[in-house]
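Participant: Below you'll find the structure I mean.
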Amino acid sequence: MKRFFIIISILCATFTGYAQQIYSLKQCIETGLERNYSIRIIRNEQQISDNNATRGNAGYLPTVDMNGGLSGSVNNNRNKLSDGTIEKNTGVNDETANVGLNVNWTLFDGFGIQADYAKLKELRHMGELNTRLTIEDFVANLSSEYYNLIRQKIRLRNLRSTLDLSRERLRIVEERYFIGSMSRLDLQQAQVDFNADSSKVLNQLEVVHTSRIRLNELMALDNVEEQIQIKDSLIYPNPYLDEVDLWKSTLTANASLLIAKKNKTISELDYKKVRSRNYPYVKLNAGYGYTANWYEVGTTDLQQRLGLNYGMTVGINIFDGMNRRREQRNARIQIKNQELRTQEMELALRADMSNFWMAYRNNLQLWTLEKENLVAAQENYRIAIDRYKLGELSGIELREAQNSLLEAEERQSIAEYSTKICEISLLQLSGQILTHIASDPEKASE
């Protein structure tokens with residue numbers, strides 16, 4: 001038994017004695033926002049959307065090309081003149097060189113360019129919303145894991161406390177057994193209970209380790225096995241959330257709902273783009289270049305040209321197999337679908353809000369109730385151990401009181417954690433999680 005206790009103590013010291021840095025929730029979030037791979041990837045994708053939202057990409061600006069070339073030919077010429085004579089030239093080499101600038105500019109295409117530019121700007125805003133959505137999911141996941149680690153460490157403390165109680169009971173039984181006031185059966189039962197509690201501590205150490213590794217992974221630490229320590233040791237749910245304010249904020253700030261509305265706006269711009277083909281288009285083109293031709297035969301050895309050419313094209317598509325009409329009908333259907341998706345999203349958010357709010361209020365009540373139960377369980381165990389020491393209570397009855405205390409501690413811990421998770425979900429749903437948690441998590445818990 002002593003040897004087993006030494007092993008437990010060494011393992012406990014291993015898990016608690018190598019703290020490298022103490023992290024608060026705010027520090028965990030800041031580290032994760034800087035290092036997490038998913039966050040870095042979505043920010044790069046947002047940068048691509050930002051880079052694409054330019055007037056040039058929409059077609060507002062002209063295109064300017066510069067090109068040059070050299071070409072030649074080698075021919076055998078045979079010419080019959082009017083007087084009947086035949087003139088032959090063998091290996092005649094003619095060459096042409098040119099270099100120039102060409103400008104093409106669409107001045108008007110039925111407002112299609114304007115629709116493209118507006119769409120690119122909406123896609124840029126969409127990239128910002130996708131980044132925000134990813135960050136909110138990350139903050140919610142990291143916060144949940146942070147509080148899960150606290151809960152698991154609280155459970156580990158409770159199990160260690162239970163182990164201490166079992167050790168004290170075993171000590172009492174051993175002393176009484178050696179003086180003959182307790183049976184061998186009592187000693188064996190106390191030993192079995194002590195070993196069972198020791199096993200629970202060992203299993204809980206593994207759970208704590210797994211939670212810590214997950215937290216390190218979310219923060220993308222270089223050493224995922226780093227034995228970090230967290231600042232908080234207790235969970236403090238916020239009992240002051242307001243359902244009406246949360247729902248109002250959800251309708252105006254929920255990232256998923258805003259993305260759905262952006263998709264509808266983009267569909268409307270796609271419809272404008274299709275309708276632009278109903279209008280005429282105006283295109284301007286111009287060029288400035290130099291051309292030189294070299295001739296081996298004939299009266300001209302070298303011909304050079306330097307000058308400007310320009311032109312304007314005005315046109316309109318009269319008939320394209322009724323494809324424009326088909327595309328416009330489809331575009332209007334897409335707008336309607338996006339509107340329906342937005343309404344569906346609002347309904348889903350309302351359902352989620354109702355469920356999370358019910359769970360939040362219920363867990364708050366459970367939290368209050370379990371705190372009262374814990375006080376009663378602690379008093380019950382104090383009475384039981386006193387009676388056990390006086391020989392007025394059996395080991396089985398003491399074990400029941402001990403288990404009742406552990407269960408009360410566990411239920412309170414679960415109620416605290418469940419309330420906190422519901423709180424995080426409500427804040428994420430309402431688009432307030434970055435304000436209430438990422439900016440100052442300590443205040444959010446008060």
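Following the order of the structure tokens, first chain is A, next is B, and so on, with residues numbered from 1 inside each chain and ligands from 1 in the order they appear.
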Give me the residues near Glu45 in chain A as a PyMOL selection string, where near means some atom within 9 Å (using only C-alpha atoms) and where sequence neighbours in that chain fewer than 4 positions away do not count.

Facilitator: chain A and resi 40-41+49-50+127+131

Participant: Would you mind listing what lies within 12 Å of Asp222 in chain A as a list in words, with only C-alpha atoms counted and same-chain residues fewer than 3 positions away left out?

Facilitator: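 With the cut-off at 12 Å, the set is Thr31, Gly32, Arg35, Asn36, Tyr37, Ile213, Asn216, Glu217, Leu218, Met219, Glu225 and Glu226 of chain A.
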
Participant: For Phe356 in chain A, list every protein, DNA or RNA residue within 8 Å, evaluated using only C-alpha atoms, and leave out those in the same chain fewer than 3 positions away; present the list as a list in words.

Facilitator: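 In the requested form, the answer reads Asp352, Met353, Ala359, Tyr360, Cys422, Ser425 and Leu426 of chain A.
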
Participant: Keeping only C-alpha atoms, write the selected residues as an mmCIF file, in the first residue's frame.

Facilitator:
```cif
data_model
loop_
_atom_site.group_PDB
_atom_site.id
_atom_site.type_symbol
_atom_site.label_atom_id
_atom_site.label_comp_id
_atom_site.auth_asym_id
_atom_site.auth_seq_id
_atom_site.Cartn_x
_atom_site.Cartn_y
_atom_site.Cartn_z
ATOM 1 C CA ASP A 352 -30.627 27.616 -31.013
ATOM 2 C CA MET A 353 -31.126 30.711 -28.881
ATOM 3 C CA ALA A 359 -30.124 25.152 -20.799
ATOM 4 C CA TYR A 360 -28.401 28.259 -19.405
ATOM 5 C CA CYS A 422 -24.102 27.675 -22.404
ATOM 6 C CA SER A 425 -22.620 29.467 -26.847
ATOM 7 C CA LEU A 426 -25.060 32.335 -26.261
#
```

Participant: Can you list, as a list in words, every protein, DNA or RNA residue that comes within 12 Å of Arg329 in chain A when you count only C-alpha atoms, leaving out same-chain residues fewer than 5 positions away?

Facilitator: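 Answer for this query is Asp270, Tyr271, Lys272, Val274, Arg275, Met322, Asn323, Arg324, Gln334, Ile335 and Lys336 of chain A.
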
Participant: Any chance you could export the current selection's all heavy atoms as a tab-separated table (two decimals), in the first residue's frame?

Facilitator:
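Below you can see part12.tsv, which holds the result:
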```
chain	number	residue	atom	x	y	z
A	270	ASP	N	-25.15	39.59	-59.31
A	270	ASP	CA	-25.06	38.67	-60.45
A	270	ASP	C	-26.22	38.91	-61.42
A	270	ASP	O	-26.03	38.84	-62.65
A	270	ASP	CB	-25.08	37.22	-59.96
A	270	ASP	CG	-23.79	36.81	-59.27
A	270	ASP	OD1	-22.75	37.44	-59.55
A	270	ASP	OD2	-23.83	35.87	-58.45
A	271	TYR	N	-27.39	39.21	-60.89
A	271	TYR	CA	-28.53	39.52	-61.74
A	271	TYR	C	-28.30	40.80	-62.54
A	271	TYR	O	-28.61	40.87	-63.74
A	271	TYR	CB	-29.79	39.64	-60.87
A	271	TYR	CG	-31.03	40.04	-61.64
A	271	TYR	CD1	-31.57	39.20	-62.61
A	271	TYR	CD2	-31.65	41.26	-61.39
A	271	TYR	CE1	-32.71	39.58	-63.31
A	271	TYR	CE2	-32.79	41.64	-62.09
A	271	TYR	CZ	-33.31	40.80	-63.05
A	271	TYR	OH	-34.44	41.16	-63.76
A	272	LYS	N	-27.72	41.81	-61.89
A	272	LYS	CA	-27.40	43.05	-62.60
A	272	LYS	C	-26.37	42.80	-63.70
A	272	LYS	O	-26.44	43.41	-64.78
A	272	LYS	CB	-26.87	44.09	-61.62
A	272	LYS	CG	-27.91	44.63	-60.66
A	272	LYS	CD	-27.32	45.70	-59.75
A	272	LYS	CE	-28.37	46.24	-58.79
A	272	LYS	NZ	-27.79	47.28	-57.88
A	274	VAL	N	-26.01	40.04	-65.44
A	274	VAL	CA	-26.68	39.41	-66.57
A	274	VAL	C	-27.51	40.43	-67.34
A	274	VAL	O	-27.52	40.43	-68.59
A	274	VAL	CB	-27.56	38.24	-66.06
A	274	VAL	CG1	-28.39	37.66	-67.21
A	274	VAL	CG2	-26.70	37.16	-65.43
A	275	ARG	N	-28.18	41.31	-66.64
A	275	ARG	CA	-29.02	42.33	-67.30
A	275	ARG	C	-28.19	43.33	-68.10
A	275	ARG	O	-28.70	43.96	-69.02
A	275	ARG	CB	-29.86	43.08	-66.27
A	275	ARG	CG	-30.97	42.25	-65.66
A	275	ARG	CD	-31.93	43.10	-64.86
A	275	ARG	NE	-32.64	44.03	-65.72
A	275	ARG	CZ	-32.78	45.34	-65.49
A	275	ARG	NH1	-32.20	45.87	-64.43
A	275	ARG	NH2	-33.46	46.10	-66.31
A	322	MET	N	-31.76	33.20	-76.84
A	322	MET	CA	-32.58	33.40	-75.64
A	322	MET	C	-31.85	32.96	-74.36
A	322	MET	O	-32.47	32.68	-73.34
A	322	MET	CB	-33.92	32.65	-75.75
A	322	MET	CG	-34.73	33.06	-76.97
A	322	MET	SD	-36.37	32.34	-77.04
A	322	MET	CE	-37.19	33.25	-75.75
A	323	ASN	N	-30.52	32.95	-74.42
A	323	ASN	CA	-29.74	32.59	-73.24
A	323	ASN	C	-29.82	33.67	-72.16
A	323	ASN	O	-29.82	33.36	-70.96
A	323	ASN	CB	-28.28	32.34	-73.62
A	323	ASN	CG	-28.12	31.01	-74.34
A	323	ASN	OD1	-28.76	30.02	-73.98
A	323	ASN	ND2	-27.30	30.99	-75.38
A	324	ARG	N	-29.84	34.95	-72.59
A	324	ARG	CA	-29.92	36.03	-71.59
A	324	ARG	C	-31.21	35.91	-70.77
A	324	ARG	O	-31.19	36.07	-69.55
A	324	ARG	CB	-29.88	37.38	-72.29
A	324	ARG	CG	-28.51	37.88	-72.65
A	324	ARG	CD	-28.58	39.21	-73.35
A	324	ARG	NE	-29.30	39.08	-74.61
A	324	ARG	CZ	-29.73	40.10	-75.34
A	324	ARG	NH1	-29.55	41.33	-74.92
A	324	ARG	NH2	-30.36	39.92	-76.49
A	334	GLN	N	-32.13	32.55	-57.93
A	334	GLN	CA	-31.04	32.53	-56.95
A	334	GLN	C	-31.25	33.58	-55.87
A	334	GLN	O	-30.97	33.33	-54.69
A	334	GLN	CB	-29.70	32.75	-57.65
A	334	GLN	CG	-29.19	31.56	-58.44
A	334	GLN	CD	-28.84	30.39	-57.54
A	334	GLN	OE1	-28.63	30.53	-56.34
A	334	GLN	NE2	-28.80	29.19	-58.12
A	335	ILE	N	-31.73	34.75	-56.25
A	335	ILE	CA	-32.02	35.80	-55.26
A	335	ILE	C	-33.08	35.31	-54.29
A	335	ILE	O	-32.96	35.48	-53.06
A	335	ILE	CB	-32.47	37.09	-55.96
A	335	ILE	CG1	-31.33	37.69	-56.79
A	335	ILE	CG2	-32.97	38.11	-54.94
A	335	ILE	CD1	-31.73	38.88	-57.63
A	336	LYS	N	-34.12	34.68	-54.82
A	336	LYS	CA	-35.19	34.17	-53.96
A	336	LYS	C	-34.66	33.08	-53.03
A	336	LYS	O	-35.02	33.03	-51.84
A	336	LYS	CB	-36.32	33.63	-54.84
A	336	LYS	CG	-37.52	33.14	-54.05
A	336	LYS	CD	-38.17	34.28	-53.26
A	336	LYS	CE	-39.41	33.79	-52.52
A	336	LYS	NZ	-40.02	34.86	-51.69
```

Participant: Using only C-alpha atoms, which of the listed residues (A:Met66, A:Ile424, A:Thr342, A:Leu142) sits closest to Ala260 in chain A?

Facilitator: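 Answer, going by the shortest atom-to-atom distance: A:Thr342.
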
Participant: Within 10 Å of Val201 in chain A, counting only C-alpha atoms, which residues qualify if same-chain residues fewer than 5 places away don't, as an MDAnalysis selection string?

Facilitator: chainID A and resid 8 11:12 155:163 195:196 206:207

Participant: As a PyMOL selection string, please: the residues near range 233-248 of chain A (cut-off 6 Å, only C-alpha atoms, same-chain neighbours under 3 positions excluded).

Facilitator: chain A and resi 150+251+420+430+445

Participant: Of the residues A:Ser211, A:Asn93, A:Gln191, A:Ser394, which is the one nearest to Lys153 in chain A, using only C-alpha atoms?

Facilitator: A:Ser211

Participant: Please, what distance in Å, to one decimal, runs between CA of Thr63 in chain A and CA of Tyr290 in chain A?

Facilitator: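 For CA of Thr63 in chain A relative to CA of Tyr290 in chain A, the distance reads 19.6 Å.
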
Participant: Residues near Tyr279 in chain A, anyone? I mean within 7 Å using only C-alpha atoms, not counting same-chain ones fewer than 5 positions away, as a VMD selection string.

Facilitator: chain A and resid 109 to 110 316

Participant: As a VMD selection string, please: all residues of range 105-342 of chain A that backbone DSSP puts in alpha helix (DSSP H).

Facilitator: chain A and resid 112 to 178 184 to 219 243 to 253 255 to 275 323 to 342

Participant: My list of candidates is A:Ile29, A:Ile230, A:Ile22, A:Leu61. Which is closest to Leu284 in chain A when distances are computed with only C-alpha atoms?

Facilitator: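 Among the listed residues, A:Leu61 lies closest to Leu284 in chain A.
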
Participant: Between CA of Arg341 in chain A and CA of Gln114 in chain A, what is the distance in Å, rounded to a tenth?

Facilitator: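 Between CA of Arg341 in chain A and CA of Gln114 in chain A the gap is 26.1 Å.
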
Participant: From the set A:Asn403, A:Glu128, A:Ser183, A:Ser276, which residue has the shortest atom-to-atom contact distance to Gln328 in chain A, counting only C-alpha atoms?

Facilitator: A:Ser276
